[in-house]
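What follows is a set of notes on a single structure, which appears directly below.
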Amino acid sequence: MTAKPVWCPRRKKLVAQHIKVISNVSLDIPYEDFQSLEQVVLAAEKNREYDDEHDSAVAVRK
């Protein structure tokens, strides 16, 4: 699930949105197994650094 252009208000421009799904139930789409709330927080922090380097916006969903 990648590359939909979305507005980033923090950077004030369009960026490519990517969605990362973290789930505690089995899904028919690519996802990461949910382990803890800390996992979600760390993913959001890591993805913000990645976003700034790659001009993207990764949305973490649980």
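Identifiers for the structure tokens are assigned positionally: chains receive A, B, ... in sequence, residues are indexed from 1 per chain, and ligands are indexed from 1 in the order shown.
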TODO: Can you list, as a PyMOL selection string, all residues belonging to chain A that DSSP tags as alpha helix (DSSP H)?
DONE: chain A and resi 37-54
Those residues with N, CA, C and O atoms, as a compact mmCIF listing (two decimals), in the first residue's frame please?
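again.txt was written with the following content:
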# COMPACT_ATOMS: atom_id res chain seq x y z
N LEU A 37 2.24 -1.76 22.82
CA LEU A 37 2.05 -0.36 22.48
C LEU A 37 3.40 0.30 22.20
O LEU A 37 3.51 1.16 21.32
N GLU A 38 4.42 -0.12 22.91
CA GLU A 38 5.77 0.42 22.68
C GLU A 38 6.19 0.20 21.23
O GLU A 38 6.83 1.05 20.62
N GLN A 39 5.82 -0.93 20.66
CA GLN A 39 6.13 -1.24 19.27
C GLN A 39 5.54 -0.18 18.34
O GLN A 39 6.19 0.28 17.40
N VAL A 40 4.31 0.24 18.62
CA VAL A 40 3.64 1.25 17.79
C VAL A 40 4.34 2.59 17.93
O VAL A 40 4.60 3.29 16.94
N VAL A 41 4.67 2.96 19.16
CA VAL A 41 5.35 4.24 19.41
C VAL A 41 6.72 4.27 18.73
O VAL A 41 7.07 5.25 18.06
N LEU A 42 7.49 3.20 18.88
CA LEU A 42 8.82 3.14 18.26
C LEU A 42 8.72 3.17 16.73
O LEU A 42 9.54 3.82 16.07
N ALA A 43 7.72 2.50 16.17
CA ALA A 43 7.53 2.51 14.72
C ALA A 43 7.23 3.93 14.23
O ALA A 43 7.77 4.38 13.22
N ALA A 44 6.39 4.64 14.97
CA ALA A 44 6.06 6.02 14.58
C ALA A 44 7.29 6.92 14.64
O ALA A 44 7.51 7.73 13.73
N GLU A 45 8.11 6.77 15.68
CA GLU A 45 9.33 7.58 15.79
C GLU A 45 10.31 7.24 14.68
O GLU A 45 10.87 8.13 14.04
N LYS A 46 10.52 5.96 14.43
CA LYS A 46 11.45 5.52 13.38
C LYS A 46 10.96 5.99 12.01
O LYS A 46 11.74 6.46 11.19
N ASN A 47 9.66 5.88 11.78
CA ASN A 47 9.11 6.27 10.48
C ASN A 47 9.21 7.77 10.24
O ASN A 47 9.37 8.20 9.10
N ARG A 48 9.13 8.57 11.29
CA ARG A 48 9.28 10.02 11.11
C ARG A 48 10.67 10.36 10.59
O ARG A 48 10.83 11.19 9.70
N GLU A 49 11.69 9.70 11.13
CA GLU A 49 13.06 9.90 10.65
C GLU A 49 13.17 9.47 9.19
O GLU A 49 13.74 10.18 8.36
N TYR A 50 12.59 8.31 8.86
CA TYR A 50 12.61 7.81 7.48
C TYR A 50 11.89 8.79 6.56
O TYR A 50 12.38 9.09 5.47
N ASP A 51 10.74 9.28 7.00
CA ASP A 51 9.96 10.23 6.19
C ASP A 51 10.77 11.47 5.85
O ASP A 51 10.76 11.93 4.70
N ASP A 52 11.45 12.02 6.83
CA ASP A 52 12.24 13.22 6.59
C ASP A 52 13.37 12.97 5.59
O ASP A 52 13.68 13.82 4.78
N GLU A 53 13.96 11.77 5.64
CA GLU A 53 15.06 11.44 4.72
C GLU A 53 14.56 11.12 3.32
O GLU A 53 15.27 11.32 2.35
N HIS A 54 13.34 10.57 3.20
CA HIS A 54 12.85 10.07 1.91
C HIS A 54 11.64 10.83 1.36
O HIS A 54 11.00 10.37 0.41
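Put simply, CA of Ala3 in chain A is 15.0 Å away from CA of Val21 in chain A.
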Task: Test item, strand (DSSP E) assignment across chain A, answer as a PyMOL selection string - done: chain A and resi 2-8+13-23+32-33+56-61
Serialized selection, C-alpha atoms, as a short mmCIF file (atom, residue, chain, number, x, y, z; two decimals), in the first residue's frame:
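Writing done, so here's result_34.cif:
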data_model
loop_
_atom_site.label_atom_id
_atom_site.label_comp_id
_atom_site.auth_asym_id
_atom_site.auth_seq_id
_atom_site.Cartn_x
_atom_site.Cartn_y
_atom_site.Cartn_z
CA THR A 2 2.17 2.78 -1.20
CA ALA A 3 2.73 6.12 -2.78
CA LYS A 4 -0.55 8.01 -2.54
CA PRO A 5 0.27 11.74 -2.55
CA VAL A 6 -0.84 13.41 0.69
CA TRP A 7 -0.37 16.88 2.17
CA CYS A 8 2.12 17.07 5.05
CA LYS A 13 4.14 20.05 0.79
CA LEU A 14 2.83 16.89 -0.88
CA VAL A 15 4.67 13.69 0.02
CA ALA A 16 4.22 10.00 -0.85
CA GLN A 17 2.13 8.23 1.79
CA HIS A 18 2.97 4.68 2.83
CA ILE A 19 0.86 2.69 5.29
CA LYS A 20 2.31 0.24 7.81
CA VAL A 21 -0.27 -2.03 9.47
CA ILE A 22 0.41 -3.54 12.89
CA SER A 23 -2.28 -6.05 13.86
CA GLU A 32 3.44 -6.76 11.26
CA ASP A 33 2.33 -8.79 14.27
CA SER A 56 7.42 10.42 2.45
CA ALA A 57 4.71 9.97 5.10
CA VAL A 58 4.43 6.53 6.68
CA ALA A 59 1.13 6.07 8.50
CA VAL A 60 1.25 3.47 11.27
CA ARG A 61 -2.09 1.78 11.92
#
